[in-house]
Structure formats: structure tokens, C-alpha cells
Amino acid sequence: MRNFALLCLLTFLCTSVRAQIPARPTSGELHAEIQKLQVLGSALYMAAHPDDENTRLIAYLANVEKVETAYLSLTRGDGGQNLIAPDIRELLGLTRTQELLAARRTDGGTQFFSRANDFGYSKHPDETFNIWDKQDVLADAVWVIRKWRPDVIVLRFDPRAPGTTHGHHTASAIIGQEAFDLAGDPTAFPEQLKYVKPWQPRRIYWNAYTWRGVPEHMRQDKIIKVDVGTYLPKLGEGVAEIAARSRSQHRSQGFGSAGSRGEQIEQLELLKGDDKDAEGEVFANIDVSWNRIGAGRIGQALQAIEQNFNFDDPSASVPALLRVRGMIRALPDGFWKTKKLGELDELIANALGLYLFAKTDDPIATAGQELEIDIEATNRSQQPVKLIDYFIDGTHMTRAAVDQELAANRPFRQTDTIQVLTGKASSGPYWLKDSWKLGMYTVKDQAQRGKGESDDPLNAVFTLDIAGEQFEFVRPVRHAFTDRVMGEQVQPLEIMPPVFGELDKSSYLFTTSEPSPIRIKVTSARANISGTVELCTPENWSVTPKNKTFTLTRKGEEQYFEFMLTPPADQEEGMIVPLIKLDGEEDSGYTRKLIKIEHDHIPTQFADLDASAPVAKLDLKVAGRNIGYLPGAGDAIPEALTNIGLNVTTLNKGTIATGDLSRFDAIVVGIRAYNTEADMPNMQPRLLKYVENGGTLVVQYNTSRGLKLPMTEIGPYPLQLSRDRTTVEEAPVRILAPDHPVLNYPNKITSKDFDGWVQERGLYFPNNWDERYTPIISSNDPGEDPHDGGLLVAEYGKGHYVYTGYSFFRELPAGVPGAYRLFANLVGLGNEVRP
């Protein structure tokens, strides 16, 4: 029984509940679950990124059609920008993963991913497949289809229109269409058949949209229109309102949405599969009743329970639900038996108002650690329920016999001290465990692939007797606490390594051969540890001392250690990493750092990641030392400028309005500040006055949509922002103004300075500008016209104004030497003529 319960929960309920207080569904929601138990159908929506999904259609399928509905996002959005924090790349992927899981909790769907990572914008699927491993991504899509067994697949993007949208978008549609053909073929990816069976969906649609005009290839005779604007009185809102709340979870992208009411038409064009669909009916001629497995009597019994449901006392339905449970258990083993039996057991628990919870005060535990676990089991009904026993899976705990009736609304509470299994692996994000390459994460375990997040490391398993029948319920152990402001808070519990080492910077640059200090923070994840810490370096670099010893007595205690790193005489790049060895474990070492991501709308994320950082010796000079930085949507530019010896002061509307800006050699404006900062209309005149009086203002990229002031006012002279971008990071860069100071002082910039750039050259370049701007460099992707507007410089009064769409916000944290040299020139403009 225990293995069956775990299988139901972990294999099929992929939507995360890790951040949630235990479920407390309303009577209306329970009634809807009874209706859903009568439906044996499923759908899979497919696209490329977080936010690509059509939450209206997902919410409609899940809440009106009541079919099992999932979204397969091929990536976790790792290559995008972040409007709420400076985190980018894999850390942004962690945030967007949780935003998608939160969206699915809202609209009723389930979330899957492939191993593909988002490497940034591409303009054609061919470019995408040059970086993604197409066969691996296709295998992941087939895997999800075989696990989820959808009757219908819906593609967000058109597989027949390459080059008209993001290359990832079209690639996701191509993958979806090919996976539709292969999922039912037992000769395709046969290694998966150890876990799943072949499955052939009935239909695949394109969620046809026409806001860019009706494509010539759209077949009007193959389109059905579905009104998804249904109002759901038991939930008190309509599908579009649910969808808006779901989409609003994508806060890192600024996608807050308002709900709407009334008719909402979605178009679906049939691409492949049986041609028996009908207007307004996605599942026309597909039997989604219990008759599909020859168990129509179960559907009839559930329909009677639905009709007789007592909204004032949902537990009154439990005896009838128990009879249905017996009918389902008597069926031959199969996909729908397993799935529906798991749903029914949870429905019975919720109808009883059954509250089962296991919590701890610790957010992090380590293998072998002792933890105090508080157990609660409460029956909030008059139905007979007995707690037989419980135990904590993943620990050395044996079953704790209870054998106690749970009287109505009389909680059973118990505190146990348990020990986490020795050798228990880290529970951090499974896709970040092993090193990965551009385009693809490494996930060796087939069973892990596709999951939204890692499985919970510790689970409380409760055995109960409900009216004479035995049940097992699995509930994850949670870190729970009461915040004085926010009230009850529930977060994931993670199993982590016993110690972490973290460098004090994300990258290091040396401009001379003199040694420089490198600081390592050592943090304990358990009490009473000791050992040594050392700094591992590239071959031609030297470090002193060889190592240092430490002793940490408290869990969470930190100590800082300083090493002197000496670079080689010549220019060189490499990686450094802290290595920690614990006493008694000299044959092994720890090279991971602890990352914490904390936002109000998602659960706090702890992850142990590779602690290495790039290091480079390069020829770099700076001119001007004092830099003001006005934050935008979030980037790590201040730390990067500090890395090269500049003094950085963070500015706000108050310091710009009343402060002495003349003390700054340059002011840098963060990415998308003109999109995100409501006070930019008031700050901009002061910033331009600063330039007029002799300062240098460096404005990083913005988008043309959602500007807080007219586009003509971004600079001292008019410029026009566009969607032009250079996505190929190796694209040649042509120098247009070789004699301009920005390319000559204090560093001589050449084409070599554009080697080694990551993800992209730049984005949202201006495509039209006043003649008083000087275009400095030009780039373009293969086959495109030159984009000359990526770096514009203008003299204004006594100072200099710079607008750049080049992606310094990516390059500087990645330690790209040439990007540092060019940015040093940007902030040094004008200093060569100052007294």
C-alpha cells in the first residue's frame, strides 16, 4: 500500500504543493473534484518558455472540461531578463520554474519541463537546434506524452512558420509535432519503456492566433472555435479571471494581468490526428467517461454522489465515496485506475476535513542530522477515522504506532526526534546537480526528467482507518513558522551538504601582476564541524596560504578567510573554486555554495550550486573613479564595476533630485529603468542637466513598450528604439568610429575585445536616431542588415550621453574581459580632458 500511495503522489501529482499550507478546499471545490472524477481524459499544452502558455485555455480545460491538463515548457526561462531581482541565467530559471508551478496551482494544471535551457533569443529554429540537442529534447517530449497520456495536444506556436517568431517558439512546435508521431512507436526511444508504455494521442492542434494577420497556410476548414469565457459560480469567478491570476504569477517578467468577463474565443487548427472534432468541442468523439475502460457503473455512482452532495456537510458523501473506492480497486491494474484512485483518496481526506501535517523549525537539514518533527492529525468531521501509525520516510524512524480514534475536531499531536538517513543526497534542483552545456541541462536519471522540481526529501506517511478501510496518505515535511507580519508561513525543507564555500565576487579581474585578496565565506549547515578551506586556481596562478583551518560550532555559523591570489605575467583566463575538506572526510571535498532566492509570490528556494568563479588577468585601465548607479529591472553591474576598482554609489529618486551629482565621473542607468521606474519622468531632467554640466550618463537597454516617459525624451536628442537585436554572440562586430575616444581611452578597443561574449551581442537596438549621435560599432546576425544603433554616443553641453543595447548586464558578471574594457571606456568618457 505504501509504495502505491507514493507512486500516486510523486508520479502523477507533479504540480508542486511544496510551498503550500495543507489543502483546505471549499465545498464548491470538493463538488468540482467529484465532477472531475467522472472524467477520464487529458490534454497537453506545449510551448518553449514560462509565460508562453495560454492560461485561458489551460484553465478552461482543467476547470470546465475537467480533463487532466498539463503544460510542457521546454525551458525554464533561464535566458530572459528579470524585473524583480538581479538574478539571471540558472538563478532566473529557478524563479521562473516556481512561477510556473504557482501558475499551475492557480489554473488547475500540471507542469512539465524538458532538459533544454533558454540560451536567449534566436531568430530561427535552425539556430535553436544548433544549440539544443534536438534528439534529447524530442526524447523528453515523447517521455512526457507517454507519462501523461494526453488525448489532445495543443501547440502554442505554428510549426509551419519558421523565422516569424522566436526560434525557440517554432522549435517547440516542431518538437511537439514530431513527438506526436513518435510517442506511440515502440521503436522510438525504447529505453523509456522500462517506465512507461507507448501512447498515441488522438489529435494535435495549433492554438491559432491571428493578431499578426491570417497566415496563408491556415486551413479554415480545420479550425474549431471554443468559447472559454465560462463562468464558474461554485468558484465565484470565470475562466478568464482564473487565467489572469495564473498569468500574474509571472512577476519576474512583469506580466500582471486583469481578469475579464464575457465571451472568450480560442481557435484551434487541427494539424494531425482524427478529423472528428466539432465546433466548440476539443474532445468531440473522444470518450472521456468511465466507459472508456468499461466501468460505466463507476461514472453512474459518482454522478449520484454529485447530485446528492451536501455543501454544508461534504463528509456525508464519504460512505458513498468509499463504495466507489472499492469498485475502482476491483478493476484490473491500469493507468486510469491508478490515477483516479489517487485522486479519490485525496478527495475523501478533504471531504473529511482531514488535516495531516508534519513540520520542523529547520529550513535545511543534512544527511545524518537529527530533527524535531511536529506531527498533527485532525479529523474535522463526524465520520469514524482512526490513526493507526505514521513514520517519516527518508529517515531512520520506524513506524510510530498510535491506534487512536480521531474524534471530531480533536487534534492528535506528537513531537518526534528523527535522524535523516546517512548518505541522503542533496534535494536541490535536480537539473543543476551536474555540469551542463549551453542549450541543455544534464539529467542522467530518466525518472527525474520532465519533473517540475525535485521530489521532497522527507515525507510523513500516515496510515489511517476510515470507516473500516485502510488508507495511506503521504505529506511532505515542511519548514513552518509564524511571521509577526505575514502570519503562518510554510516553506520547503531541503537536504543540503554539511558545509558551503562561497567566493565574495561572481568574477575576478586582475589588471596588474600584483596579488589581490580573495575572500571565502564558509557556512555550516550542521553544528560542530571542523576542517580546512583552500582556494583552487588555474595552473599558472599562485595562492597563499595553501589552506586555512576552521571550526564552526553552530548550524548556520559563518567564517571568512582571505587568500592572496597572484596572477601570471601574461593575459590569461580561468576558474577558481573554494575547496572545503572536513575532518574525518579528507578523501572528499565540498565545492558548492548555498543560494537563497526569496520572493513573496513563490516558496523560498535553497540550492547548492557550483561555487567556482571566472578569473582573468587582462590589460585594463580605468579613467574616473566615482560612479553613480541608478537601478532598473535588476542587474549586477555595480559589483562588476567594483571589481575593476571603481567606487559605486547606488542612487535613488531622492539623491538624484537633491544630491550633488557633479561628484560622479559617470552615472550608469540600470537595464529597463525607463520601463520600470515610475519616477523616471522626474529624474530624467536632472540626469540630462548633469550631462549638460559635464557628466557622463550611460543608459543601458530599454524596450519600446511600457516606457514611463515619451521615447523622444530618453536622450538629449531623439532616438527610436526597435526590436533589432544580435542574438549570435560570435557575430562579427564592425568598428564604425575608430577614432572616437570611447574606443581609444583609456583602453584601445579592437575586434578581439568581442571574443568570448555570452548568450548574445545585444538587444532592442535603436534603429533611428538624431544625427548628433555617433554610432560606434555595428553587428548583425547572419543574413541580416547591419544594426548600427547598438552603441550611440552624443556630446551634450559639456558632457557625454551614451545609449547602449549591448548586453553588458550579461557579459560583466560572466567575466568577459573585452566587455569590461569597453565599459571602462564608457564610464571614463570625458575624463581625458578634465583637469
# chains A, B, ... in the order shown; residues from 1 in each chain; ligands from 1
$ select_by_dssp --residues "range 621-800 of chain A" --states "strand (DSSP E)" --output "ChimeraX atom specification"
/A:626-630,647-650,666-669,696-699,719-726,733-735,762-769,774-775,777-779,791-796,799-800
$ atom_distance --atom1 "CA of Leu609 in chain A" --atom2 "CA of Thr591 in chain A"
8.4 Å
$ select_by_dssp --residues "range 145-293 of chain A" --states "alpha helix (DSSP H)" --output "NGL selection string"
:A and (145-148 or 167-182 or 239-247)
$ write_last_selection --atoms "C-alpha atoms" --output "PDB file, in the first residue's frame"
ATOM      1  CA  ILE A 145       3.488  12.347 -23.603  1.00  0.00           C
ATOM      2  CA  ARG A 146       3.939   8.729 -22.592  1.00  0.00           C
ATOM      3  CA  LYS A 147       3.728   9.615 -18.898  1.00  0.00           C
ATOM      4  CA  TRP A 148       0.786  12.000 -19.199  1.00  0.00           C
ATOM      5  CA  GLY A 167      13.321  30.382 -32.812  1.00  0.00           C
ATOM      6  CA  HIS A 168      12.585  28.588 -29.548  1.00  0.00           C
ATOM      7  CA  HIS A 169       8.871  29.091 -30.212  1.00  0.00           C
ATOM      8  CA  THR A 170       8.850  27.418 -33.604  1.00  0.00           C
ATOM      9  CA  ALA A 171      11.271  24.763 -32.367  1.00  0.00           C
ATOM     10  CA  SER A 172       8.818  23.839 -29.599  1.00  0.00           C
ATOM     11  CA  ALA A 173       6.073  23.360 -32.190  1.00  0.00           C
ATOM     12  CA  ILE A 174       8.314  21.255 -34.430  1.00  0.00           C
ATOM     13  CA  ILE A 175       9.268  19.099 -31.442  1.00  0.00           C
ATOM     14  CA  GLY A 176       5.605  18.773 -30.457  1.00  0.00           C
ATOM     15  CA  GLN A 177       4.516  17.666 -33.911  1.00  0.00           C
ATOM     16  CA  GLU A 178       7.320  15.107 -34.220  1.00  0.00           C
ATOM     17  CA  ALA A 179       6.688  13.801 -30.697  1.00  0.00           C
ATOM     18  CA  PHE A 180       3.006  13.314 -31.591  1.00  0.00           C
ATOM     19  CA  ASP A 181       4.129  10.900 -34.307  1.00  0.00           C
ATOM     20  CA  LEU A 182       6.742   9.076 -32.215  1.00  0.00           C
ATOM     21  CA  VAL A 239     -12.149  31.118 -16.585  1.00  0.00           C
ATOM     22  CA  ALA A 240     -10.570  34.351 -17.814  1.00  0.00           C
ATOM     23  CA  GLU A 241     -10.339  35.617 -14.234  1.00  0.00           C
ATOM     24  CA  ILE A 242      -8.617  32.416 -13.131  1.00  0.00           C
ATOM     25  CA  ALA A 243      -6.328  32.719 -16.142  1.00  0.00           C
ATOM     26  CA  ALA A 244      -5.395  36.296 -15.231  1.00  0.00           C
ATOM     27  CA  ARG A 245      -4.441  35.263 -11.706  1.00  0.00           C
ATOM     28  CA  SER A 246      -2.392  32.442 -13.174  1.00  0.00           C
ATOM     29  CA  ARG A 247      -0.580  34.692 -15.634  1.00  0.00           C
TER      30      ARG A 247
END
$ residues_around --residues "Leu503 in chain A" --least-positions-apart "6" --cutoff "12 Å" --atoms "only C-alpha atoms" --output "ChimeraX atom specification"
/A:517-523,533-536,560-563,575-579,591-594,610-615
$ residues_around --residues "Leu387 in chain A" --least-positions-apart "5" --cutoff "6 Å" --atoms "only C-alpha atoms" --output "number ranges by chain"
A: 403-404, 464
$ write_last_selection --atoms "all heavy atoms" --output "PDB file, in the first residue's frame"
ATOM      1  N   ASP A 403      -2.797   3.945  16.935  1.00  0.00           N
ATOM      2  CA  ASP A 403      -4.042   3.203  17.139  1.00  0.00           C
ATOM      3  C   ASP A 403      -5.031   4.000  17.994  1.00  0.00           C
ATOM      4  O   ASP A 403      -5.510   3.547  19.027  1.00  0.00           O
ATOM      5  CB  ASP A 403      -3.754   1.854  17.797  1.00  0.00           C
ATOM      6  CG  ASP A 403      -4.915   0.885  17.619  1.00  0.00           C
ATOM      7  OD1 ASP A 403      -5.632   1.007  16.608  1.00  0.00           O
ATOM      8  OD2 ASP A 403      -5.116   0.036  18.501  1.00  0.00           O
ATOM      9  N   GLN A 404      -5.334   5.222  17.498  1.00  0.00           N
ATOM     10  CA  GLN A 404      -6.193   6.137  18.275  1.00  0.00           C
ATOM     11  C   GLN A 404      -7.289   6.703  17.384  1.00  0.00           C
ATOM     12  O   GLN A 404      -7.038   7.128  16.255  1.00  0.00           O
ATOM     13  CB  GLN A 404      -5.329   7.270  18.837  1.00  0.00           C
ATOM     14  CG  GLN A 404      -6.111   8.329  19.596  1.00  0.00           C
ATOM     15  CD  GLN A 404      -5.194   9.394  20.183  1.00  0.00           C
ATOM     16  OE1 GLN A 404      -4.149   9.087  20.744  1.00  0.00           O
ATOM     17  NE2 GLN A 404      -5.574  10.646  20.036  1.00  0.00           N
ATOM     18  N   LEU A 464      -4.223   5.350   8.095  1.00  0.00           N
ATOM     19  CA  LEU A 464      -5.491   5.623   8.770  1.00  0.00           C
ATOM     20  C   LEU A 464      -6.518   4.556   8.433  1.00  0.00           C
ATOM     21  O   LEU A 464      -6.482   3.945   7.353  1.00  0.00           O
ATOM     22  CB  LEU A 464      -6.044   7.002   8.371  1.00  0.00           C
ATOM     23  CG  LEU A 464      -5.243   8.198   8.877  1.00  0.00           C
ATOM     24  CD1 LEU A 464      -4.339   8.741   7.787  1.00  0.00           C
ATOM     25  CD2 LEU A 464      -6.179   9.288   9.362  1.00  0.00           C
TER      26      LEU A 464
END
$ residues_around --residues "Gly715 in chain A" --least-positions-apart "3" --cutoff "9 Å" --atoms "only C-alpha atoms" --output "PyMOL selection string"
chain A and resi 684+688+699+711-712+718-719+801-803
$ write_last_selection --atoms "N, CA and C atoms" --output "PDB file, in the first residue's frame"
ATOM      1  N   GLN A 684      14.646  62.254 -15.112  1.00  0.00           N
ATOM      2  CA  GLN A 684      15.335  62.444 -16.382  1.00  0.00           C
ATOM      3  C   GLN A 684      15.845  63.873 -16.587  1.00  0.00           C
ATOM      4  N   LEU A 688      19.813  64.675 -17.388  1.00  0.00           N
ATOM      5  CA  LEU A 688      20.299  65.374 -18.577  1.00  0.00           C
ATOM      6  C   LEU A 688      21.001  66.677 -18.208  1.00  0.00           C
ATOM      7  N   VAL A 699      23.232  54.915 -20.418  1.00  0.00           N
ATOM      8  CA  VAL A 699      21.897  54.326 -20.320  1.00  0.00           C
ATOM      9  C   VAL A 699      21.931  52.961 -20.990  1.00  0.00           C
ATOM     10  N   MET A 711       9.382  58.286 -25.743  1.00  0.00           N
ATOM     11  CA  MET A 711      10.655  57.793 -26.253  1.00  0.00           C
ATOM     12  C   MET A 711      11.588  58.924 -26.669  1.00  0.00           C
ATOM     13  N   THR A 712      11.021  60.012 -27.136  1.00  0.00           N
ATOM     14  CA  THR A 712      11.845  61.145 -27.590  1.00  0.00           C
ATOM     15  C   THR A 712      12.591  61.807 -26.438  1.00  0.00           C
ATOM     16  N   PRO A 718      16.432  63.051 -30.106  1.00  0.00           N
ATOM     17  CA  PRO A 718      15.522  61.937 -30.381  1.00  0.00           C
ATOM     18  C   PRO A 718      16.255  60.672 -30.836  1.00  0.00           C
ATOM     19  N   LEU A 719      15.760  59.537 -30.376  1.00  0.00           N
ATOM     20  CA  LEU A 719      16.173  58.242 -30.903  1.00  0.00           C
ATOM     21  C   LEU A 719      14.970  57.317 -30.852  1.00  0.00           C
ATOM     22  N   TYR A 801      26.528  61.673 -23.459  1.00  0.00           N
ATOM     23  CA  TYR A 801      25.390  60.793 -23.259  1.00  0.00           C
ATOM     24  C   TYR A 801      25.638  59.515 -24.071  1.00  0.00           C
ATOM     25  N   VAL A 802      25.463  58.350 -23.424  1.00  0.00           N
ATOM     26  CA  VAL A 802      25.672  57.054 -24.074  1.00  0.00           C
ATOM     27  C   VAL A 802      24.385  56.241 -23.972  1.00  0.00           C
ATOM     28  N   TYR A 803      23.952  55.705 -25.106  1.00  0.00           N
ATOM     29  CA  TYR A 803      22.871  54.719 -25.075  1.00  0.00           C
ATOM     30  C   TYR A 803      23.424  53.430 -25.654  1.00  0.00           C
TER      31      TYR A 803
END
$ residues_around --residues "Val477 in chain A" --least-positions-apart "4" --cutoff "8 Å" --atoms "only C-alpha atoms" --output "count of residues only"
10
$ closest_residue --among "A:Trp436, A:Tyr441, A:Tyr60, A:Tyr430" --to "Val226 in chain A" --atoms "only C-alpha atoms"
A:Tyr60
$ residues_around --residues "Lys276 in chain A" --least-positions-apart "3" --cutoff "10 Å" --atoms "only C-alpha atoms" --output "VMD selection string"
chain A and resid 202 to 203 273 282 to 286
$ closest_residue --among "A:Asn768, A:Gln448, A:Thr415, A:Thr210" --to "Phe157 in chain A" --atoms "only C-alpha atoms"
A:Thr210
$ closest_residue --among "A:Glu795, A:Asp389, A:Asp635, A:Glu771" --to "Leu697 in chain A" --atoms "only C-alpha atoms"
A:Glu795
$ closest_residue --among "A:Gly120, A:Gly439, A:Pro25, A:Gly262" --to "Leu352 in chain A" --atoms "only C-alpha atoms"
A:Pro25
$ closest_residue --among "A:Gly236, A:Asn825, A:Leu74, A:Ser542" --to "Lys134 in chain A" --atoms "only C-alpha atoms"
A:Leu74
$ closest_residue --among "A:Ala365, A:Ala349, A:Ala301, A:Val793" --to "Glu494 in chain A" --atoms "only C-alpha atoms"
A:Ala365
$ atom_distance --atom1 "CA of Thr658 in chain A" --atom2 "CA of Ala678 in chain A"
17.8 Å
$ decode --residues "range 191-206 of chain A" --atoms "all heavy atoms" --output "short mmCIF file (atom, residue, chain, number, x, y, z; two decimals), in the first residue's frame"
data_model
loop_
_atom_site.label_atom_id
_atom_site.label_comp_id
_atom_site.auth_asym_id
_atom_site.auth_seq_id
_atom_site.Cartn_x
_atom_site.Cartn_y
_atom_site.Cartn_z
N GLU A 191 14.37 2.91 -24.54
CA GLU A 191 14.85 2.90 -23.16
C GLU A 191 13.80 3.43 -22.19
O GLU A 191 13.84 3.13 -20.98
CB GLU A 191 16.14 3.72 -23.05
CG GLU A 191 15.99 5.22 -23.22
CD GLU A 191 15.90 5.68 -24.68
OE1 GLU A 191 15.98 4.81 -25.59
OE2 GLU A 191 15.77 6.90 -24.92
N GLN A 192 12.83 4.20 -22.69
CA GLN A 192 11.78 4.74 -21.83
C GLN A 192 10.76 3.68 -21.42
O GLN A 192 10.04 3.85 -20.42
CB GLN A 192 11.06 5.89 -22.53
CG GLN A 192 11.95 7.08 -22.86
CD GLN A 192 11.18 8.17 -23.60
OE1 GLN A 192 9.96 8.05 -23.83
NE2 GLN A 192 11.87 9.23 -23.98
N LEU A 193 10.69 2.60 -22.18
CA LEU A 193 9.63 1.62 -21.98
C LEU A 193 9.83 0.78 -20.72
O LEU A 193 8.96 -0.01 -20.35
CB LEU A 193 9.51 0.72 -23.21
CG LEU A 193 9.24 1.48 -24.52
CD1 LEU A 193 9.04 0.52 -25.67
CD2 LEU A 193 8.04 2.40 -24.38
N LYS A 194 10.96 0.99 -20.04
CA LYS A 194 11.14 0.40 -18.72
C LYS A 194 10.19 1.03 -17.71
O LYS A 194 9.83 0.40 -16.71
CB LYS A 194 12.60 0.61 -18.28
CG LYS A 194 12.93 0.13 -16.88
CD LYS A 194 14.38 0.42 -16.54
CE LYS A 194 14.71 0.03 -15.10
NZ LYS A 194 16.12 0.35 -14.75
N TYR A 195 9.77 2.26 -17.99
CA TYR A 195 8.95 3.02 -17.06
C TYR A 195 7.53 3.29 -17.58
O TYR A 195 6.60 3.43 -16.79
CB TYR A 195 9.60 4.37 -16.75
CG TYR A 195 11.04 4.30 -16.30
CD1 TYR A 195 12.08 4.39 -17.22
CD2 TYR A 195 11.35 4.16 -14.96
CE1 TYR A 195 13.41 4.33 -16.81
CE2 TYR A 195 12.68 4.10 -14.54
CZ TYR A 195 13.70 4.19 -15.47
OH TYR A 195 15.00 4.13 -15.06
N VAL A 196 7.39 3.43 -18.89
CA VAL A 196 6.11 3.85 -19.48
C VAL A 196 5.81 2.98 -20.70
O VAL A 196 6.67 2.24 -21.19
CB VAL A 196 6.15 5.34 -19.89
CG1 VAL A 196 6.24 6.25 -18.69
CG2 VAL A 196 7.30 5.61 -20.87
N LYS A 197 4.59 3.12 -21.18
CA LYS A 197 4.19 2.41 -22.39
C LYS A 197 4.03 3.41 -23.54
O LYS A 197 3.80 4.60 -23.31
CB LYS A 197 2.87 1.68 -22.15
CG LYS A 197 2.95 0.57 -21.12
CD LYS A 197 1.59 -0.10 -20.95
CE LYS A 197 1.67 -1.25 -19.94
NZ LYS A 197 0.34 -1.91 -19.74
N PRO A 198 4.13 2.95 -24.78
CA PRO A 198 3.84 3.85 -25.91
C PRO A 198 2.43 4.41 -25.79
O PRO A 198 1.53 3.75 -25.26
CB PRO A 198 3.99 2.95 -27.14
CG PRO A 198 4.87 1.83 -26.69
CD PRO A 198 4.54 1.60 -25.23
N TRP A 199 2.27 5.63 -26.29
CA TRP A 199 0.95 6.26 -26.23
C TRP A 199 0.77 7.15 -27.46
O TRP A 199 1.62 7.98 -27.77
CB TRP A 199 0.79 7.11 -24.97
CG TRP A 199 -0.52 7.85 -24.94
CD1 TRP A 199 -0.73 9.17 -25.17
CD2 TRP A 199 -1.80 7.28 -24.69
NE1 TRP A 199 -2.06 9.47 -25.07
CE2 TRP A 199 -2.75 8.32 -24.78
CE3 TRP A 199 -2.24 5.99 -24.40
CZ2 TRP A 199 -4.11 8.11 -24.59
CZ3 TRP A 199 -3.60 5.79 -24.21
CH2 TRP A 199 -4.51 6.84 -24.29
N GLN A 200 -0.34 6.96 -28.14
CA GLN A 200 -0.64 7.77 -29.31
C GLN A 200 -1.81 8.70 -29.02
O GLN A 200 -2.95 8.27 -28.87
CB GLN A 200 -1.01 6.89 -30.51
CG GLN A 200 -1.31 7.68 -31.77
CD GLN A 200 -0.16 8.57 -32.19
OE1 GLN A 200 0.96 8.10 -32.39
NE2 GLN A 200 -0.40 9.88 -32.31
N PRO A 201 -1.55 10.01 -28.92
CA PRO A 201 -2.66 10.96 -28.76
C PRO A 201 -3.57 10.94 -29.98
O PRO A 201 -3.17 10.54 -31.09
CB PRO A 201 -1.93 12.32 -28.63
CG PRO A 201 -0.52 11.97 -28.26
CD PRO A 201 -0.24 10.65 -28.91
N ARG A 202 -4.80 11.40 -29.79
CA ARG A 202 -5.77 11.37 -30.88
C ARG A 202 -5.60 12.55 -31.84
O ARG A 202 -5.78 12.40 -33.05
CB ARG A 202 -7.18 11.38 -30.29
CG ARG A 202 -7.54 10.11 -29.54
CD ARG A 202 -7.98 9.01 -30.48
NE ARG A 202 -9.21 9.37 -31.17
CZ ARG A 202 -10.44 9.15 -30.68
NH1 ARG A 202 -10.59 8.58 -29.48
NH2 ARG A 202 -11.50 9.48 -31.38
N ARG A 203 -5.30 13.73 -31.28
CA ARG A 203 -5.25 14.94 -32.11
C ARG A 203 -4.15 15.87 -31.62
O ARG A 203 -3.83 15.88 -30.43
CB ARG A 203 -6.58 15.71 -32.05
CG ARG A 203 -7.77 14.96 -32.56
CD ARG A 203 -9.07 15.73 -32.36
NE ARG A 203 -10.20 14.84 -32.60
CZ ARG A 203 -11.29 14.77 -31.85
NH1 ARG A 203 -11.40 15.56 -30.80
NH2 ARG A 203 -12.26 13.93 -32.14
N ILE A 204 -3.65 16.65 -32.56
CA ILE A 204 -2.73 17.74 -32.22
C ILE A 204 -3.21 18.99 -32.94
O ILE A 204 -3.48 18.97 -34.14
CB ILE A 204 -1.27 17.40 -32.55
CG1 ILE A 204 -0.34 18.52 -32.07
CG2 ILE A 204 -1.07 17.09 -34.03
CD1 ILE A 204 1.12 18.15 -32.12
N TYR A 205 -3.36 20.06 -32.15
CA TYR A 205 -3.86 21.33 -32.67
C TYR A 205 -2.78 22.40 -32.57
O TYR A 205 -1.87 22.34 -31.73
CB TYR A 205 -5.04 21.83 -31.82
CG TYR A 205 -6.31 21.03 -31.88
CD1 TYR A 205 -6.63 20.14 -30.86
CD2 TYR A 205 -7.21 21.19 -32.92
CE1 TYR A 205 -7.82 19.43 -30.86
CE2 TYR A 205 -8.41 20.48 -32.94
CZ TYR A 205 -8.71 19.61 -31.92
OH TYR A 205 -9.89 18.91 -31.93
N TRP A 206 -2.92 23.41 -33.40
CA TRP A 206 -2.23 24.69 -33.20
C TRP A 206 -3.25 25.66 -32.60
O TRP A 206 -4.34 25.82 -33.13
CB TRP A 206 -1.67 25.24 -34.51
CG TRP A 206 -1.18 26.65 -34.40
CD1 TRP A 206 -0.45 27.19 -33.38
CD2 TRP A 206 -1.41 27.72 -35.33
NE1 TRP A 206 -0.19 28.53 -33.61
CE2 TRP A 206 -0.77 28.88 -34.81
CE3 TRP A 206 -2.07 27.82 -36.55
CZ2 TRP A 206 -0.78 30.11 -35.46
CZ3 TRP A 206 -2.08 29.03 -37.21
CH2 TRP A 206 -1.44 30.16 -36.67
#
